[in-house]
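Okay, upload02.pdb is below, PDB, C-alpha atoms (C1' of nucleotides):
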ATOM      1  CA  MET L 396      -9.443 -19.666   9.339
ATOM      2  CA  LEU L 397     -11.144 -16.493   8.144
ATOM      3  CA  LEU L 398     -10.100 -13.511  10.221
ATOM      4  CA  LEU L 399     -13.111 -11.786  11.710
ATOM      5  CA  LYS L 400     -13.777  -8.160  12.507
ATOM      6  CA  ASP L 401     -12.330  -8.363  16.013
ATOM      7  CA  PHE L 402      -8.861  -9.001  14.668
ATOM      8  CA  PHE L 403      -8.832  -5.681  12.828
ATOM      9  CA  MET L 404     -10.093  -3.730  15.841
ATOM     10  CA  GLN L 405      -6.689  -2.672  17.054
ATOM     11  CA  ASP L 406      -4.407   0.192  16.213
ATOM     12  CA  ALA L 407      -2.419  -0.024  12.981
ATOM     13  CA  MET L 408       0.886  -0.146  14.838
ATOM     14  CA  SER L 409       0.029  -3.479  16.483
ATOM     15  CA  LEU L 410      -1.963  -4.830  13.561
ATOM     16  CA  ALA L 411       0.818  -4.320  10.993
ATOM     17  CA  PRO L 412       3.267  -6.925  12.383
ATOM     18  CA  GLN L 413       0.421  -9.321  13.138
ATOM     19  CA  LEU L 414      -0.645  -9.296   9.510
ATOM     20  CA  LEU L 415       2.690 -10.808   8.497
ATOM     21  CA  GLY L 416       2.164 -14.434   7.509
ATOM     22  CA  LYS L 417      -1.582 -14.037   6.971
ATOM     23  CA  ILE L 418      -3.116 -15.054   3.635
ATOM     24  CA  ILE L 419      -4.860 -12.634   1.281
ATOM     25  CA  MET L 420      -7.363 -14.534  -0.827
ATOM     26  CA  VAL L 421      -8.956 -12.816  -3.813
ATOM     27  CA  ASN L 422     -11.930 -14.479  -5.465
ATOM     28  CA  HIS L 423     -12.390 -13.319  -9.039
ATOM     29  CA  GLY L 424     -15.354 -15.604  -9.708
ATOM     30  CA  ASN L 425     -15.518 -18.521 -12.117
ATOM     31  CA  GLU L 426     -13.373 -20.564  -9.735
ATOM     32  CA  MET L 427     -10.536 -18.086 -10.169
ATOM     33  CA  ILE L 428      -8.824 -17.656  -6.825
ATOM     34  CA  ILE L 429      -5.516 -15.863  -6.347
ATOM     35  CA  SER L 430      -3.881 -15.897  -2.946
ATOM     36  CA  GLY L 431      -0.650 -14.842  -1.319
ATOM     37  CA  GLN L 432       0.976 -14.671   2.089
ATOM     38  CA  ILE L 433       1.652 -11.203   3.472
ATOM     39  CA  THR L 434       5.398 -10.592   3.830
ATOM     40  CA  GLU L 435       5.624  -6.809   4.249
ATOM     41  CA  THR L 436       3.369  -4.164   5.810
ATOM     42  CA  GLU L 437       3.440  -0.525   6.884
ATOM     43  CA  ALA L 438       1.374   1.148   9.602
ATOM     44  CA  TYR L 439      -0.232   4.528   8.950
ATOM     45  CA  CYS L 440      -1.688   5.760  12.153
ATOM     46  CA  GLY L 441      -2.895   8.714  14.040
ATOM     47  CA  LEU L 442      -3.512  12.374  13.374
ATOM     48  CA  GLU L 443       0.121  13.215  14.100
ATOM     49  CA  ASP L 444       1.497  10.831  11.470
ATOM     50  CA  LEU L 445       2.407  13.062   8.534
ATOM     51  CA  GLY L 446       2.564  10.064   6.235
ATOM     52  CA  ASN L 447      -1.032   9.200   6.962
ATOM     53  CA  HIS L 448      -3.681  10.261   4.455
ATOM     54  CA  ALA L 449      -5.884  10.934   7.481
ATOM     55  CA  LYS L 450      -3.360  13.267   9.127
ATOM     56  CA  ASP L 451      -4.904  16.233  10.932
ATOM     57  CA  GLY L 452      -8.248  14.521  10.516
ATOM     58  CA  ARG L 453      -8.162  15.253   6.810
ATOM     59  CA  ARG L 454     -11.188  13.762   5.149
ATOM     60  CA  THR L 455     -11.855  13.673   1.424
ATOM     61  CA  PRO L 456     -13.743  11.393  -0.961
ATOM     62  CA  LYS L 457     -10.464   9.590  -1.666
ATOM     63  CA  ASN L 458      -9.583   8.681   1.907
ATOM     64  CA  GLU L 459     -13.121   8.377   3.200
ATOM     65  CA  SER L 460     -12.744   4.620   3.536
ATOM     66  CA  MET L 461     -10.020   5.117   6.155
ATOM     67  CA  TYR L 462     -12.756   6.226   8.536
ATOM     68  CA  LEU L 463     -14.676   2.990   8.176
ATOM     69  CA  GLU L 464     -14.538   0.307  10.821
ATOM     70  CA  GLY L 465     -11.436  -1.898  10.989
ATOM     71  CA  GLY L 466     -11.367  -4.744   8.490
ATOM     72  CA  HIS L 467     -12.451  -2.720   5.452
ATOM     73  CA  ALA L 468     -10.344  -2.225   2.343
ATOM     74  CA  TYR L 469      -8.839   1.162   1.506
ATOM     75  CA  VAL L 470      -7.662   1.104  -2.094
ATOM     76  CA  TYR L 471      -6.435   4.245  -3.808
ATOM     77  CA  LYS L 472      -4.433   5.122  -6.869
ATOM     78  CA  CYS L 473      -0.918   6.457  -6.462
ATOM     79  CA  TYR L 474       1.182   8.245  -9.087
ATOM     80  CA  GLY L 475      -1.767   7.821 -11.404
ATOM     81  CA  VAL L 476      -0.705   4.304 -12.226
ATOM     82  CA  HIS L 477      -0.577   2.018  -9.238
ATOM     83  CA  ASP L 478      -3.297   0.866  -6.892
ATOM     84  CA  MET L 479      -2.427   0.517  -3.203
ATOM     85  CA  PHE L 480      -4.191  -1.946  -0.935
ATOM     86  CA  ASN L 481      -4.601  -0.991   2.719
ATOM     87  CA  ILE L 482      -6.531  -2.610   5.541
ATOM     88  CA  VAL L 483      -8.382  -0.186   7.802
ATOM     89  CA  SER L 484      -7.682  -0.812  11.481
ATOM     90  CA  GLY L 485      -9.331   0.165  14.744
ATOM     91  CA  PRO L 486     -12.795   1.571  15.347
ATOM     92  CA  ALA L 487     -14.672   3.670  12.805
ATOM     93  CA  GLU L 488     -13.859   7.394  12.565
ATOM     94  CA  VAL L 489     -10.230   6.955  13.674
ATOM     95  CA  GLY L 490      -8.405   6.943  10.326
ATOM     96  CA  GLU L 491      -5.685   4.319  10.637
ATOM     97  CA  ALA L 492      -4.692   1.649   8.126
ATOM     98  CA  VAL L 493      -2.008  -0.873   7.254
ATOM     99  CA  LEU L 494      -0.520  -0.815   3.762
ATOM    100  CA  ILE L 495       0.213  -4.231   2.268
ATOM    101  CA  ARG L 496       3.587  -3.837   0.573
ATOM    102  CA  ALA L 497       4.454  -7.396  -0.459
ATOM    103  CA  VAL L 498       3.111 -10.950  -0.611
ATOM    104  CA  ALA L 499       4.476 -14.399  -1.414
ATOM    105  CA  PRO L 500       2.430 -16.271  -4.043
ATOM    106  CA  ILE L 501       0.364 -19.185  -2.728
ATOM    107  CA  GLU L 502      -2.350 -20.042  -5.245
ATOM    108  CA  ASN L 503      -2.306 -19.260  -8.953
ATOM    109  CA  ILE L 504       1.158 -17.832  -9.425
ATOM    110  CA  GLU L 505       0.629 -18.381 -13.160
ATOM    111  CA  GLN L 506      -2.185 -15.821 -13.133
ATOM    112  CA  MET L 507      -0.051 -13.405 -11.107
ATOM    113  CA  GLN L 508       2.684 -13.628 -13.703
ATOM    114  CA  LEU L 509       0.126 -12.990 -16.434
ATOM    115  CA  ASN L 510      -1.269  -9.996 -14.549
ATOM    116  CA  ARG L 511       2.233  -8.630 -14.030
ATOM    117  CA  ASN L 512       3.418  -9.626 -17.481
ATOM    118  CA  CYS L 513       6.573 -11.267 -16.179
ATOM    119  CA  ILE L 514       7.887 -14.717 -15.352
ATOM    120  CA  TYR L 515       9.677 -13.940 -12.103
ATOM    121  CA  ASP L 516       9.016 -15.632  -8.794
ATOM    122  CA  ASP L 517      10.563 -13.206  -6.307
ATOM    123  CA  TYR L 518      10.302  -9.543  -5.224
ATOM    124  CA  ARG L 519      10.033  -8.568  -8.883
ATOM    125  CA  LEU L 520       6.647 -10.293  -9.048
ATOM    126  CA  THR L 521       4.983  -9.195  -5.812
ATOM    127  CA  GLY L 522       7.466  -7.028  -3.837
ATOM    128  CA  GLY L 523       5.925  -3.545  -3.763
ATOM    129  CA  PRO L 524       2.438  -2.200  -3.035
ATOM    130  CA  GLY L 525       1.632  -1.548  -6.689
ATOM    131  CA  LYS L 526       2.835  -4.997  -7.656
ATOM    132  CA  VAL L 527       0.698  -6.630  -4.984
ATOM    133  CA  CYS L 528      -2.460  -5.110  -6.430
ATOM    134  CA  GLU L 529      -1.527  -5.883  -9.999
ATOM    135  CA  ALA L 530      -0.603  -9.495  -9.252
ATOM    136  CA  LEU L 531      -3.659 -10.209  -7.105
ATOM    137  CA  GLY L 532      -6.012  -8.208  -9.316
ATOM    138  CA  ILE L 533      -7.030  -5.726  -6.610
ATOM    139  CA  THR L 534      -8.404  -2.421  -7.935
ATOM    140  CA  LYS L 535     -10.263   0.640  -6.709
ATOM    141  CA  ASN L 536     -13.420  -1.396  -7.206
ATOM    142  CA  HIS L 537     -12.485  -3.172  -3.999
ATOM    143  CA  ASP L 538     -12.312   0.104  -2.042
ATOM    144  CA  LYS L 539     -14.558   0.183   1.054
ATOM    145  CA  MET L 540     -15.138  -3.568   0.878
ATOM    146  CA  PRO L 541     -15.339  -5.488   4.161
ATOM    147  CA  LEU L 542     -12.734  -8.248   4.310
ATOM    148  CA  TYR L 543     -14.215 -10.261   7.176
ATOM    149  CA  ALA L 544     -17.538 -11.270   5.605
ATOM    150  CA  ASP L 545     -18.186 -14.797   4.310
ATOM    151  CA  GLN L 546     -19.139 -13.570   0.857
ATOM    152  CA  SER L 547     -16.350 -10.991   0.430
ATOM    153  CA  SER L 548     -14.222 -11.331  -2.675
ATOM    154  CA  ILE L 549     -11.137 -10.362  -0.671
ATOM    155  CA  GLN L 550     -10.564 -12.158   2.616
ATOM    156  CA  ILE L 551      -7.701 -12.503   5.075
ATOM    157  CA  TYR L 552      -6.973 -15.941   6.503
ATOM    158  CA  ASP L 553      -4.989 -17.001   9.534
ATOM    159  CA  THR L 554      -2.679 -19.966   9.086
ATOM    160  CA  GLY L 555      -2.066 -20.364  12.791
ATOM    161  CA  THR L 556       1.601 -19.548  12.484
ATOM    162  CA  ILE L 557       2.878 -16.439  14.195
ATOM    163  CA  ILE L 558       5.765 -14.727  12.453
ATOM    164  CA  GLU L 559       8.370 -13.861  15.073
ATOM    165  CA  ASN L 560      11.325 -13.514  12.771
ATOM    166  CA  PHE L 561      10.459 -10.118  11.382
ATOM    167  CA  VAL L 562      12.267  -6.846  10.921
ATOM    168  CA  SER L 563      11.025  -3.303  11.499
ATOM    169  CA  GLY L 564      12.362  -0.103  10.062
ATOM    170  CA  PRO L 565      11.418   3.251   8.531
ATOM    171  CA  ARG L 566       8.707   3.343   5.928
ATOM    172  CA  VAL L 567       9.395   3.686   2.235
ATOM    173  CA  GLY L 568       8.839   6.876   0.266
ATOM    174  CA  MET L 569       8.432   9.204   3.225
ATOM    175  CA  SER L 570      11.374  11.454   2.448
ATOM    176  CA  ARG L 571       9.219  14.404   1.431
ATOM    177  CA  HIS L 572       7.584  14.417   4.824
ATOM    178  CA  VAL L 573      10.179  16.183   6.883
ATOM    179  CA  GLY L 574       9.931  15.501  10.537
ATOM    180  CA  ASP L 575      10.375  12.596  12.861
ATOM    181  CA  CYS L 576       7.647  10.477  11.394
ATOM    182  CA  SER L 577       9.720   9.598   8.323
ATOM    183  CA  ASN L 578      12.016   7.572  10.526
ATOM    184  CA  TRP L 579       9.517   5.937  12.818
ATOM    185  CA  PRO L 580       9.875   2.155  12.577
ATOM    186  CA  ARG L 581       6.441   1.483  11.156
ATOM    187  CA  ARG L 582       7.414  -0.860   8.373
ATOM    188  CA  PHE L 583       7.505  -4.591   9.050
ATOM    189  CA  TYR L 584       8.643  -7.505   6.958
ATOM    190  CA  ILE L 585       9.532 -11.154   7.307
ATOM    191  CA  ALA L 586      13.301 -11.421   7.685
ATOM    192  CA  LYS L 587      15.264 -12.754   4.710
ATOM    193  CA  ASN L 588      12.099 -13.229   2.659
ATOM    194  CA  LYS L 589      12.683 -13.035  -1.088
ATOM    195  CA  TYR L 590       9.394 -11.263  -1.802
ATOM    196  CA  VAL L 591      10.187  -8.162   0.274
ATOM    197  CA  SER L 592      10.396  -4.980  -1.804
ATOM    198  CA  LYS L 593      13.389  -3.144  -0.375
ATOM    199  CA  PRO L 594      15.281  -4.918   2.408
ATOM    200  CA  LEU L 595      17.083  -2.577   4.753
ATOM    201  CA  ASN L 596      20.819  -2.397   4.993
ATOM    202  CA  VAL L 597      20.534  -1.769   8.680
ATOM    203  CA  TRP L 598      18.188  -4.172  10.387
ATOM    204  CA  TYR L 599      16.235  -3.421  13.499
ATOM    205  CA  ASP L 600      14.603  -5.997  15.699
ATOM    206  CA  TRP L 601      11.176  -5.605  17.249
ATOM    207  CA  GLU L 602      12.630  -3.706  20.218
ATOM    208  CA  GLY L 603      14.032  -1.110  17.864
ATOM    209  CA  ASN L 604      17.649  -2.112  18.421
TER     210      ASN L 604
ATOM    211  C1'  DC P1386      19.218   8.710 -12.065
ATOM    212  C1'  DC P1387      14.378  10.171 -14.223
ATOM    213  C1'  DA P1388       9.893  10.277 -16.556
ATOM    214  C1'  DA P1389       5.426   8.432 -17.089
ATOM    215  C1'  DG P1390       0.909   8.513 -15.507
ATOM    216  C1'  DG P1391      -3.871  10.081 -13.721
ATOM    217  C1'  DA P1392      -6.578  11.200  -9.885
ATOM    218  C1'  DT P1393      -6.886  14.367  -6.340
ATOM    219  C1'  DA P1394      -6.452  18.555  -3.574
ATOM    220  C1'  DC P1395      -5.345  23.025  -3.179
ATOM    221  C1'  DT P1396      -4.941  27.844  -5.220
ATOM    222  C1'  DC P1397      -6.592  31.134  -7.827
TER     223       DC P1397
ATOM    224  C1'  DA I 875      -9.906  25.860 -14.475
ATOM    225  C1'  DG I 876      -4.871  25.489 -13.524
ATOM    226  C1'  DT I 877      -1.209  23.405 -11.028
ATOM    227  C1'  DA I 878       1.461  20.831  -7.672
ATOM    228  C1'  DT I 879       1.582  16.647  -5.398
ATOM    229  C1'  DC I 880       1.576  11.650  -4.696
ATOM    230  C1'  DC I 881       2.797   5.531   0.568
ATOM    231  C1'  DT I 882       5.707   3.724  -7.448
ATOM    232  C1'  DT I 883       7.661   1.355 -11.112
ATOM    233  C1'  DG I 884      10.464   0.330 -14.895
ATOM    234  C1'  DG I 885      13.801   1.555 -17.721
ATOM    235  C1'  DA I 886      17.993   4.732 -18.757
TER     236       DA I 886
END
Kindly return the structure encoded in the file as structure tokens.
Amino acid sequence: MLLLKDFFMQDAMSLAPQLLGKIIMVNHGNEMIISGQITETEAYCGLEDLGNHAKDGRRTPKNESMYLEGGHAYVYKCYGVHDMFNIVSGPAEVGEAVLIRAVAPIENIEQMQLNRNCIYDDYRLTGGPGKVCEALGITKNHDKMPLYADQSSIQIYDTGTIIENFVSGPRVGMSRHVGDCSNWPRRFYIAKNKYVSKPLNVWYDWEGN
DNA sequence: CCAAGGATACTC
DNA sequence: AGTATCCTTGGA
């Protein structure tokens, strides 16, 4: 079932774990569909979140799409090499998003392996935000695109299953941002899933224990 | 561990 | 214009 706009109209912190288990479907035309199940996400939320591109209400051409209504794509280039796929959450003008950090291949794993130039079928194929975009063929061209429309080339589907067996912990790559926010448990992934980028040594449950 | 890589944002 | 920074990856 295609997820509609309503689903994305919540804050990133609650949307991020709910996106686990959902299907990203990318339609490249000519019958070429690549899809994968979301296994790892990170929430970037609020003005006070130093890891958020929209911290302090910062607004530039690059992060402009974060201020769109929930359910739009925010794709940007990181380290000059890798594209990152985020899903904007909440109402327009807020500036929150969920980063998709890993997926499990569903349709067209052969094409993913071609795109990634490897023959793996584990975290080495799709475990990492840059790898997700490369495998699925998501680029900056998809920035600002709505994901909930019938004709969208990227859509998010609900399988009906709710992932309860997930882990939360600190986000990846936040070390430069001194302050509490580096350690906030805003990263979520499906427990013991082989497509997760960097499993934690110390595991937290949803209550933060 | 470290360098590549390029767009972007901030400082002159 | 010049430079530092960046939510990474792949290969020493």
- Message: Could you tell me, as a list in words, exactly which residues end up selected when the PyMOL selection byres ((chain P) within 12 of (chain L)) is applied to this structure?
- Response: DA1388, DA1389, DG1390, DG1391, DA1392, DT1393 and DA1394 of chain P
- Tell me which residues the PyMOL selection byres ((chain I) within 8 of (chain L)) grabs here, as a PyMOL selection string. chain I and resi 880-882
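Between CA of Ser547 (chain L) and CA of Pro486 (chain L) the separation is 19.8 Å.
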Taking the file above as input, evaluate the PyMOL selection byres ((chain L and resi 529) around 12) and report the hits as a tab-separated table (two decimals) with C-alpha atoms (C1' of nucleotides), in the coordinates of the input.
chain	number	residue	atom	x	y	z
L	421	VAL	CA	-8.96	-12.82	-3.81
L	429	ILE	CA	-5.52	-15.86	-6.35
L	472	LYS	CA	-4.43	5.12	-6.87
L	476	VAL	CA	-0.70	4.30	-12.23
L	477	HIS	CA	-0.58	2.02	-9.24
L	478	ASP	CA	-3.30	0.87	-6.89
L	479	MET	CA	-2.43	0.52	-3.20
L	480	PHE	CA	-4.19	-1.95	-0.94
L	496	ARG	CA	3.59	-3.84	0.57
L	497	ALA	CA	4.45	-7.40	-0.46
L	498	VAL	CA	3.11	-10.95	-0.61
L	506	GLN	CA	-2.18	-15.82	-13.13
L	507	MET	CA	-0.05	-13.40	-11.11
L	508	GLN	CA	2.68	-13.63	-13.70
L	509	LEU	CA	0.13	-12.99	-16.43
L	510	ASN	CA	-1.27	-10.00	-14.55
L	511	ARG	CA	2.23	-8.63	-14.03
L	512	ASN	CA	3.42	-9.63	-17.48
L	513	CYS	CA	6.57	-11.27	-16.18
L	519	ARG	CA	10.03	-8.57	-8.88
L	520	LEU	CA	6.65	-10.29	-9.05
L	521	THR	CA	4.98	-9.20	-5.81
L	522	GLY	CA	7.47	-7.03	-3.84
L	523	GLY	CA	5.92	-3.54	-3.76
L	524	PRO	CA	2.44	-2.20	-3.04
L	525	GLY	CA	1.63	-1.55	-6.69
L	526	LYS	CA	2.84	-5.00	-7.66
L	527	VAL	CA	0.70	-6.63	-4.98
L	528	CYS	CA	-2.46	-5.11	-6.43
L	530	ALA	CA	-0.60	-9.49	-9.25
L	531	LEU	CA	-3.66	-10.21	-7.10
L	532	GLY	CA	-6.01	-8.21	-9.32
L	533	ILE	CA	-7.03	-5.73	-6.61
L	534	THR	CA	-8.40	-2.42	-7.94
L	535	LYS	CA	-10.26	0.64	-6.71
I	883	DT	C1'	7.66	1.36	-11.11
- Task: For Asn588 (chain L), list every protein, DNA or RNA residue within 9 Å, evaluated using all atoms listed in the file, and leave out those in the same chain fewer than 5 positions away; present the list as a PyMOL selection string.
- Result: chain L and resi 434+499+518+594
- Give me, please, the distance in Å between C1' of DT1396 (chain P) and C1' of DA875 (chain I), quoted to one decimal. 10.7 Å
- Record the distance separating CA of Ala449 (chain L) and CA of Ile549 (chain L), expressed in Å with one decimal.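 Rounded to one decimal, the two atoms are 23.4 Å apart.
Counting all atoms listed in the file, the residue from L:Val591, L:Ile433, L:Ala468, L:Leu445 that sits nearest to Ile495 (chain L) is L:Ile433.
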Excluding same-chain residues fewer than 4 positions from DC1387 (chain P), what lies within 12 Å of it counting all atoms listed in the file, as a tab-separated table (two decimals) with C-alpha atoms (C1' of nucleotides), in the frame of the given file?
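The result, stored in around_20.tsv:
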chain	number	residue	atom	x	y	z
I	883	DT	C1'	7.66	1.36	-11.11
I	884	DG	C1'	10.46	0.33	-14.90
I	885	DG	C1'	13.80	1.56	-17.72
I	886	DA	C1'	17.99	4.73	-18.76
- Item | Distance query region 396-407 of chain L at most 6 Å, all atoms listed in the file, self and fewer than 3 positions along chain excluded, as a PyMOL selection string | chain L and resi 410-411+438+440+465-466+484-486+491-493+543+551-553
- Message: Which residues are near Pro500 (chain L)? Cut-off 7 Å, only C-alpha atoms (C1' of nucleotides), ignore same chain within fewer than 3 positions. Put them as a list in words.
- Response: Ser430, Gly431, Gln432 and Ile504 of chain L
- Message: Ranking L:Glu443, L:Asp451, L:Glu502, L:Asp538 by minimum distance to Met420 (chain L) and counting all atoms listed in the file, which one comes first?
- Response: L:Glu502
- Considering all atoms listed in the file, return as a ChimeraX atom specification whatever protein or nucleic-acid residues lie within 7 Å of Tyr469 (chain L), sequence-local ones (same chain, fewer than 4 positions apart) excluded. /L:460-461,480-483,538-539
